[in-house]
Amino acid sequence: MRKKKWSFGLLVLSVAIVMTLAGCSNSEKADGNGEKGSTLVFARGGDSVSLDPAIVTDGESFKVTQNIFDTLILFGKQNTELEPGLATEWSTSEDGLTYTLKLREGVKFHDGTDFNSEAVKVNFERWKSGNEEKFYYYNSQFGDVIEQINTPDEYTVEFKLKRPLAPFFKNLAMSPFAIASPKALKEQGDKFGDHPVGTGAFKFSEWKRNDRITVTKNEDYWNEGRPKLNEVIFTVIPENSARLNALKTGEADLIDGVNFSEVESIENDPNLKTFFRPSLNVAYVGLTTNRGPLKDKKVRQALNYAVDKEALLKTFYAGEGQVAANPMPPVVEGYNKALDPYPYDPKKAKEILKEAGYEDGFEIELWAMPVPRPYMPDGQKIAEAVQSNFADIGVKANIKTYEWATYLEKARLGEADSFLLGWTGDNGDADNFLYVLLDEDAIGSNNYTYYKNPEVHELLIEAQSTIDKEKRNELYNKAQEIIKDDAPWIPLVHSKPALAGNKTIEGFAPHPTGSDRLDTVEIKE
């Protein structure tokens, strides 16, 4: 593998941010009453794309919106069990076609307007009537299933569906379905993502692009006693090493994207502590199925045999995780335990390429992620490792990359031959992996490989509409068998992401979805 070249621009940006943050180190943070530790600096690898949770898919955006907005239903502290949020209770009719929620009373949006059933209806109507590409989460999770939304009274919402939707309530707990202020939506229009207004524990204060986002305590938050912090500053430090250095020098309190090789040294530092996010993710190489040689299933299978996933796990994840066999992790209900990963077998890969008519190989682009993600600690280096594996079977992969938002958009439009990406589950349901990432309905949204198989589609739609857990699992097991054979992905790793923070941090519990609520976090000097 060739050595990674430092980007001068990223180096300058990292140094500049660290110098800027030096003025707000832990020892100097104080609110108007002189209380120390009231500001948390959370350093991350990339900036948010937008702060409108309804139109984004990237984790860096949800990392912030999760704390500005609330959803109707919440996930548990470190699991995807359902708990009351803006709704206090919910129920389903016997025929599975009517879903009713009772709403929390006395809640206000940050702009002072009331939260009620009409506000919920406005949000759903906005998502439902919006551009399908822009509101891809709504369309990927609900599509045209919601037929009618009724508001029998100020604090009751009733959804009438065309067919049963098994993950309906779990979908409502997902970050994209946070409830926004109808007044702010109307006033801000397309600028709402720059001026977000929710009911969450923190209010939006300021956004300096590619530098920092600041949110401040919501004094009127409905969940009594929260938040503990007065302010959270989400900063951008692209390089993992620079981010860790900011933590060590006290210029940041909490960081993600920790290199697994650094975990031992962090745990041996008396001033620091590590946190591990429960695994609900997958890292993969996407093989765009309608481009060049990748149109051939045999070629895609050969590339699967070519990649040494065990070596990737050992080298880049310090063994913290497991090699992936399926597009979703084993903790998800419906995982097919009978399927094994494609073994590392370059000889077999060459044989299959010969059968497909590519004995002399071919040339493609391989896109490397420009930012670290929980499932992909170093996109450039992992791309170089995959590039080397491909070269061993005669496939020349030219590595390219783009700025993060551009990368996602161009990949969504199907412009990559092959690309590195991953997914952190939003709700712990198989539907959120298989249907969202690999169904034909998701082409143009999260199905970046443009994979399409009518049989898989039928299985996934039937599973969505099936309440019986055992039957759903059978359908998902069959879908995974077909997907493995079609090989639109090279599943790589299910990681156990590491974060690190100052030893004074208490109450932080990384969530498996990657969207962390910071309302219980406090800094104890």
# chains A, B, ... in the order shown; residues from 1 in each chain; ligands from 1
>>> select_by_dssp(residues="segment 285-402 of chain A", states="alpha helix (DSSP H)", output="PyMOL selection string")
chain A and resi 297-306+309-317+346-355+379-391
>>> select_by_dssp(residues="segment 182-282 of chain A", states="strand (DSSP E or B)", output="ChimeraX atom specification")
/A:202-208,212-217,231-236,254-255,272-276,281-282
>>> residues_around(residues="segment 493-500 of chain A", least_positions_apart="4", cutoff="8 Å", atoms="only C-alpha atoms", output="ChimeraX atom specification")
/A:254-260,263,266,272-284,309,313,317,320-324,329,374-375
>>> closest_residue(among="A:Asp426, A:Tyr221, A:Ala349, A:Gly193", to="Gln141 of chain A", atoms="only C-alpha atoms")
A:Asp426
>>> closest_residue(among="A:Glu118, A:Asp485, A:Glu125, A:Asp516", to="Asn79 of chain A", atoms="only C-alpha atoms")
A:Asp516
>>> closest_residue(among="A:Asp47, A:Glu458, A:Glu187, A:Asp70", to="Trp207 of chain A", atoms="only C-alpha atoms")
A:Asp47
>>> closest_residue(among="A:Trp404, A:Tyr342, A:Trp423, A:Tyr136", to="Val307 of chain A", atoms="only C-alpha atoms")
A:Tyr342
>>> atom_distance(atom1="atom CA of Ala368 of chain A", atom2="atom CA of Pro491 of chain A")
15.4 Å
>>> residues_around(residues="Thr100 of chain A", least_positions_apart="5", cutoff="8 Å", atoms="only C-alpha atoms", output="short mmCIF file (atom, residue, chain, number, x, y, z; two decimals) with all heavy atoms, in the first residue's frame")
data_model
loop_
_atom_site.label_atom_id
_atom_site.label_comp_id
_atom_site.auth_asym_id
_atom_site.auth_seq_id
_atom_site.Cartn_x
_atom_site.Cartn_y
_atom_site.Cartn_z
N TRP A 90 -48.91 4.56 23.25
CA TRP A 90 -49.27 4.28 21.87
C TRP A 90 -49.90 2.89 21.78
O TRP A 90 -49.68 2.02 22.63
CB TRP A 90 -48.05 4.37 20.96
CG TRP A 90 -46.84 3.65 21.49
CD1 TRP A 90 -46.46 2.37 21.25
CD2 TRP A 90 -45.84 4.20 22.38
NE1 TRP A 90 -45.30 2.07 21.91
CE2 TRP A 90 -44.90 3.17 22.62
CE3 TRP A 90 -45.65 5.44 22.99
CZ2 TRP A 90 -43.77 3.34 23.44
CZ3 TRP A 90 -44.55 5.62 23.81
CH2 TRP A 90 -43.61 4.59 24.03
N SER A 91 -50.71 2.69 20.74
CA SER A 91 -51.41 1.42 20.58
C SER A 91 -51.72 1.17 19.11
O SER A 91 -51.70 2.08 18.29
CB SER A 91 -52.72 1.43 21.39
OG SER A 91 -53.57 2.47 20.94
N THR A 92 -52.01 -0.10 18.80
CA THR A 92 -52.34 -0.52 17.43
C THR A 92 -53.68 -1.25 17.43
O THR A 92 -53.97 -2.02 18.34
CB THR A 92 -51.27 -1.50 16.89
OG1 THR A 92 -49.97 -0.92 17.08
CG2 THR A 92 -51.48 -1.78 15.42
N THR A 156 -54.06 13.89 20.88
CA THR A 156 -54.20 12.55 20.31
C THR A 156 -53.97 12.62 18.81
O THR A 156 -54.51 13.49 18.14
CB THR A 156 -55.61 11.97 20.58
OG1 THR A 156 -55.86 11.96 21.98
CG2 THR A 156 -55.71 10.54 20.04
N VAL A 157 -53.13 11.70 18.32
CA VAL A 157 -52.89 11.59 16.88
C VAL A 157 -53.20 10.16 16.46
O VAL A 157 -52.80 9.20 17.12
CB VAL A 157 -51.43 11.93 16.50
CG1 VAL A 157 -51.24 11.85 14.98
CG2 VAL A 157 -51.05 13.31 16.99
N GLU A 158 -53.90 10.04 15.34
CA GLU A 158 -54.31 8.74 14.85
C GLU A 158 -53.87 8.58 13.40
O GLU A 158 -54.17 9.42 12.56
CB GLU A 158 -55.83 8.64 14.96
CG GLU A 158 -56.43 7.30 14.57
CD GLU A 158 -57.94 7.35 14.68
OE1 GLU A 158 -58.59 7.82 13.70
OE2 GLU A 158 -58.47 6.94 15.73
N PHE A 159 -53.15 7.51 13.12
CA PHE A 159 -52.65 7.24 11.77
C PHE A 159 -53.42 6.07 11.17
O PHE A 159 -53.49 4.99 11.76
CB PHE A 159 -51.16 6.90 11.79
CG PHE A 159 -50.28 8.01 12.28
CD1 PHE A 159 -50.01 8.15 13.64
CD2 PHE A 159 -49.73 8.93 11.40
CE1 PHE A 159 -49.20 9.17 14.11
CE2 PHE A 159 -48.92 9.96 11.85
CZ PHE A 159 -48.66 10.08 13.22
#
>>> atom_distance(atom1="atom CA of Arg243 of chain A", atom2="atom CA of Leu492 of chain A")
25.5 Å
>>> atom_distance(atom1="atom CA of Pro238 of chain A", atom2="atom CA of Asn432 of chain A")
28.5 Å
>>> residues_around(residues="Lys337 of chain A", least_positions_apart="2", cutoff="10 Å", atoms="only C-alpha atoms", output="list in words")
Ala325, Asn326, Pro330, Gly334, Tyr335, Leu339, Asp340 and Asn477 of chain A
>>> write_last_selection(atoms="C-alpha atoms", output="CSV table (one decimal), in the first residue's frame")
chain,number,residue,atom,x,y,z
A,325,ALA,CA,-21.4,-11.9,6.4
A,326,ASN,CA,-24.6,-10.0,5.9
A,330,PRO,CA,-26.1,-10.3,14.3
A,334,GLY,CA,-34.0,-11.7,11.5
A,335,TYR,CA,-30.2,-12.1,11.0
A,339,LEU,CA,-24.6,-17.6,6.1
A,340,ASP,CA,-20.8,-17.3,6.4
A,477,ASN,CA,-33.4,-15.0,6.1
>>> residues_around(residues="Lys347 of chain A", least_positions_apart="6", cutoff="9 Å", atoms="only C-alpha atoms", output="ChimeraX atom specification")
/A:305-306,393
>>> write_last_selection(atoms="all heavy atoms", output="mmCIF file, in the first residue's frame")
data_model
loop_
_atom_site.group_PDB
_atom_site.id
_atom_site.type_symbol
_atom_site.label_atom_id
_atom_site.label_comp_id
_atom_site.auth_asym_id
_atom_site.auth_seq_id
_atom_site.Cartn_x
_atom_site.Cartn_y
_atom_site.Cartn_z
ATOM 1 N N TYR A 305 -14.494 -12.389 -2.868
ATOM 2 C CA TYR A 305 -13.451 -13.352 -2.503
ATOM 3 C C TYR A 305 -12.073 -12.687 -2.399
ATOM 4 O O TYR A 305 -11.194 -13.194 -1.710
ATOM 5 C CB TYR A 305 -13.388 -14.479 -3.534
ATOM 6 C CG TYR A 305 -14.471 -15.519 -3.392
ATOM 7 C CD1 TYR A 305 -15.476 -15.644 -4.356
ATOM 8 C CD2 TYR A 305 -14.492 -16.393 -2.297
ATOM 9 C CE1 TYR A 305 -16.471 -16.610 -4.248
ATOM 10 C CE2 TYR A 305 -15.485 -17.365 -2.182
ATOM 11 C CZ TYR A 305 -16.474 -17.466 -3.143
ATOM 12 O OH TYR A 305 -17.457 -18.419 -3.016
ATOM 13 N N ALA A 306 -11.893 -11.565 -3.070
ATOM 14 C CA ALA A 306 -10.575 -10.934 -3.137
ATOM 15 C C ALA A 306 -10.180 -10.181 -1.876
ATOM 16 O O ALA A 306 -8.985 -9.961 -1.625
ATOM 17 C CB ALA A 306 -10.525 -9.974 -4.330
ATOM 18 N N ILE A 393 -5.723 -9.682 -7.865
ATOM 19 C CA ILE A 393 -6.484 -10.511 -8.825
ATOM 20 C C ILE A 393 -6.583 -9.819 -10.186
ATOM 21 O O ILE A 393 -7.401 -10.186 -11.026
ATOM 22 C CB ILE A 393 -7.884 -10.857 -8.283
ATOM 23 C CG1 ILE A 393 -8.756 -9.605 -8.122
ATOM 24 C CG2 ILE A 393 -7.780 -11.625 -6.976
ATOM 25 C CD1 ILE A 393 -10.243 -9.913 -7.888
#
>>> residues_around(residues="Ala119 of chain A", least_positions_apart="5", cutoff="8 Å", atoms="only C-alpha atoms", output="PyMOL selection string")
chain A and resi 179-182
>>> write_last_selection(atoms="N, CA and C atoms", output="PDB file, in the first residue's frame")
ATOM      1  N   ILE A 179     -39.788  16.121  15.689  1.00  0.00           N
ATOM      2  CA  ILE A 179     -40.872  17.067  15.451  1.00  0.00           C
ATOM      3  C   ILE A 179     -40.366  18.513  15.514  1.00  0.00           C
ATOM      4  N   ALA A 180     -40.569  19.233  14.427  1.00  0.00           N
ATOM      5  CA  ALA A 180     -40.104  20.613  14.309  1.00  0.00           C
ATOM      6  C   ALA A 180     -41.251  21.592  14.533  1.00  0.00           C
ATOM      7  N   SER A 181     -40.913  22.809  14.907  1.00  0.00           N
ATOM      8  CA  SER A 181     -41.901  23.868  15.121  1.00  0.00           C
ATOM      9  C   SER A 181     -42.583  24.240  13.807  1.00  0.00           C
ATOM     10  N   PRO A 182     -43.901  24.096  13.706  1.00  0.00           N
ATOM     11  CA  PRO A 182     -44.606  24.499  12.474  1.00  0.00           C
ATOM     12  C   PRO A 182     -44.391  25.974  12.145  1.00  0.00           C
TER      13      PRO A 182
END
>>> closest_residue(among="A:Asn473, A:Asn67, A:Thr288, A:Asn271", to="Thr504 of chain A", atoms="only C-alpha atoms")
A:Asn271
>>> closest_residue(among="A:Ala430, A:Leu438, A:Ile73, A:Leu303", to="Asp392 of chain A", atoms="only C-alpha atoms")
A:Leu303
>>> decode(residues="segment 485-508 of chain A", atoms="N, CA, C and O atoms", output="PDB file, in the first residue's frame")
ATOM      1  N   ASP A 485     -25.763 -13.934  -2.688  1.00  0.00           N
ATOM      2  CA  ASP A 485     -25.436 -14.497  -4.000  1.00  0.00           C
ATOM      3  C   ASP A 485     -25.316 -13.402  -5.061  1.00  0.00           C
ATOM      4  O   ASP A 485     -24.433 -13.452  -5.922  1.00  0.00           O
ATOM      5  N   ASP A 486     -26.171 -12.404  -4.990  1.00  0.00           N
ATOM      6  CA  ASP A 486     -26.114 -11.300  -5.960  1.00  0.00           C
ATOM      7  C   ASP A 486     -24.914 -10.380  -5.725  1.00  0.00           C
ATOM      8  O   ASP A 486     -24.455  -9.707  -6.651  1.00  0.00           O
ATOM      9  N   ALA A 487     -24.453 -10.311  -4.488  1.00  0.00           N
ATOM     10  CA  ALA A 487     -23.220  -9.600  -4.117  1.00  0.00           C
ATOM     11  C   ALA A 487     -23.155  -8.131  -4.558  1.00  0.00           C
ATOM     12  O   ALA A 487     -22.173  -7.701  -5.170  1.00  0.00           O
ATOM     13  N   PRO A 488     -24.158  -7.306  -4.231  1.00  0.00           N
ATOM     14  CA  PRO A 488     -24.044  -5.880  -4.534  1.00  0.00           C
ATOM     15  C   PRO A 488     -23.080  -5.157  -3.592  1.00  0.00           C
ATOM     16  O   PRO A 488     -22.675  -4.033  -3.865  1.00  0.00           O
ATOM     17  N   TRP A 489     -22.754  -5.803  -2.485  1.00  0.00           N
ATOM     18  CA  TRP A 489     -21.810  -5.261  -1.504  1.00  0.00           C
ATOM     19  C   TRP A 489     -20.666  -6.250  -1.291  1.00  0.00           C
ATOM     20  O   TRP A 489     -20.810  -7.450  -1.553  1.00  0.00           O
ATOM     21  N   ILE A 490     -19.580  -5.719  -0.745  1.00  0.00           N
ATOM     22  CA  ILE A 490     -18.600  -6.532  -0.039  1.00  0.00           C
ATOM     23  C   ILE A 490     -18.745  -6.144   1.430  1.00  0.00           C
ATOM     24  O   ILE A 490     -18.192  -5.129   1.877  1.00  0.00           O
ATOM     25  N   PRO A 491     -19.555  -6.888   2.213  1.00  0.00           N
ATOM     26  CA  PRO A 491     -19.669  -6.558   3.637  1.00  0.00           C
ATOM     27  C   PRO A 491     -18.301  -6.731   4.303  1.00  0.00           C
ATOM     28  O   PRO A 491     -17.621  -7.738   4.070  1.00  0.00           O
ATOM     29  N   LEU A 492     -17.886  -5.767   5.090  1.00  0.00           N
ATOM     30  CA  LEU A 492     -16.548  -5.813   5.679  1.00  0.00           C
ATOM     31  C   LEU A 492     -16.568  -6.172   7.163  1.00  0.00           C
ATOM     32  O   LEU A 492     -16.148  -7.254   7.553  1.00  0.00           O
ATOM     33  N   VAL A 493     -17.077  -5.249   7.967  1.00  0.00           N
ATOM     34  CA  VAL A 493     -16.929  -5.386   9.423  1.00  0.00           C
ATOM     35  C   VAL A 493     -18.140  -4.818  10.145  1.00  0.00           C
ATOM     36  O   VAL A 493     -18.744  -3.839   9.696  1.00  0.00           O
ATOM     37  N   HIS A 494     -18.502  -5.445  11.266  1.00  0.00           N
ATOM     38  CA  HIS A 494     -19.402  -4.838  12.242  1.00  0.00           C
ATOM     39  C   HIS A 494     -18.504  -4.383  13.386  1.00  0.00           C
ATOM     40  O   HIS A 494     -17.949  -5.216  14.111  1.00  0.00           O
ATOM     41  N   SER A 495     -18.334  -3.089  13.521  1.00  0.00           N
ATOM     42  CA  SER A 495     -17.371  -2.583  14.496  1.00  0.00           C
ATOM     43  C   SER A 495     -18.008  -2.268  15.843  1.00  0.00           C
ATOM     44  O   SER A 495     -19.230  -2.142  15.962  1.00  0.00           O
ATOM     45  N   LYS A 496     -17.153  -2.143  16.829  1.00  0.00           N
ATOM     46  CA  LYS A 496     -17.556  -1.711  18.161  1.00  0.00           C
ATOM     47  C   LYS A 496     -16.846  -0.373  18.388  1.00  0.00           C
ATOM     48  O   LYS A 496     -15.761  -0.318  18.954  1.00  0.00           O
ATOM     49  N   PRO A 497     -17.443   0.728  17.920  1.00  0.00           N
ATOM     50  CA  PRO A 497     -16.751   2.016  17.873  1.00  0.00           C
ATOM     51  C   PRO A 497     -16.301   2.526  19.245  1.00  0.00           C
ATOM     52  O   PRO A 497     -16.990   2.357  20.256  1.00  0.00           O
ATOM     53  N   ALA A 498     -15.134   3.148  19.231  1.00  0.00           N
ATOM     54  CA  ALA A 498     -14.563   3.699  20.459  1.00  0.00           C
ATOM     55  C   ALA A 498     -14.660   5.216  20.464  1.00  0.00           C
ATOM     56  O   ALA A 498     -14.460   5.878  19.447  1.00  0.00           O
ATOM     57  N   LEU A 499     -14.987   5.771  21.611  1.00  0.00           N
ATOM     58  CA  LEU A 499     -14.964   7.206  21.854  1.00  0.00           C
ATOM     59  C   LEU A 499     -14.095   7.433  23.085  1.00  0.00           C
ATOM     60  O   LEU A 499     -13.790   6.490  23.833  1.00  0.00           O
ATOM     61  N   ALA A 500     -13.718   8.661  23.310  1.00  0.00           N
ATOM     62  CA  ALA A 500     -12.905   8.968  24.491  1.00  0.00           C
ATOM     63  C   ALA A 500     -13.306  10.319  25.053  1.00  0.00           C
ATOM     64  O   ALA A 500     -13.804  11.188  24.333  1.00  0.00           O
ATOM     65  N   GLY A 501     -13.090  10.465  26.332  1.00  0.00           N
ATOM     66  CA  GLY A 501     -13.439  11.724  26.972  1.00  0.00           C
ATOM     67  C   GLY A 501     -12.597  12.004  28.196  1.00  0.00           C
ATOM     68  O   GLY A 501     -11.824  11.148  28.661  1.00  0.00           O
ATOM     69  N   ASN A 502     -12.764  13.201  28.709  1.00  0.00           N
ATOM     70  CA  ASN A 502     -12.099  13.579  29.958  1.00  0.00           C
ATOM     71  C   ASN A 502     -12.681  12.749  31.094  1.00  0.00           C
ATOM     72  O   ASN A 502     -13.861  12.412  31.106  1.00  0.00           O
ATOM     73  N   LYS A 503     -11.868  12.424  32.080  1.00  0.00           N
ATOM     74  CA  LYS A 503     -12.321  11.574  33.197  1.00  0.00           C
ATOM     75  C   LYS A 503     -13.442  12.235  34.000  1.00  0.00           C
ATOM     76  O   LYS A 503     -14.155  11.562  34.755  1.00  0.00           O
ATOM     77  N   THR A 504     -13.611  13.555  33.847  1.00  0.00           N
ATOM     78  CA  THR A 504     -14.633  14.271  34.626  1.00  0.00           C
ATOM     79  C   THR A 504     -16.035  14.111  34.048  1.00  0.00           C
ATOM     80  O   THR A 504     -17.010  14.533  34.657  1.00  0.00           O
ATOM     81  N   ILE A 505     -16.147  13.504  32.855  1.00  0.00           N
ATOM     82  CA  ILE A 505     -17.464  13.344  32.221  1.00  0.00           C
ATOM     83  C   ILE A 505     -18.237  12.210  32.884  1.00  0.00           C
ATOM     84  O   ILE A 505     -17.723  11.107  33.068  1.00  0.00           O
ATOM     85  N   GLU A 506     -19.475  12.487  33.207  1.00  0.00           N
ATOM     86  CA  GLU A 506     -20.357  11.471  33.767  1.00  0.00           C
ATOM     87  C   GLU A 506     -21.703  11.512  33.029  1.00  0.00           C
ATOM     88  O   GLU A 506     -22.104  12.545  32.523  1.00  0.00           O
ATOM     89  N   GLY A 507     -22.359  10.367  32.976  1.00  0.00           N
ATOM     90  CA  GLY A 507     -23.695  10.304  32.395  1.00  0.00           C
ATOM     91  C   GLY A 507     -23.732  10.162  30.890  1.00  0.00           C
ATOM     92  O   GLY A 507     -24.812  10.246  30.290  1.00  0.00           O
ATOM     93  N   PHE A 508     -22.575   9.928  30.266  1.00  0.00           N
ATOM     94  CA  PHE A 508     -22.556   9.766  28.813  1.00  0.00           C
ATOM     95  C   PHE A 508     -22.689   8.289  28.460  1.00  0.00           C
ATOM     96  O   PHE A 508     -21.911   7.458  28.924  1.00  0.00           O
TER      97      PHE A 508
END
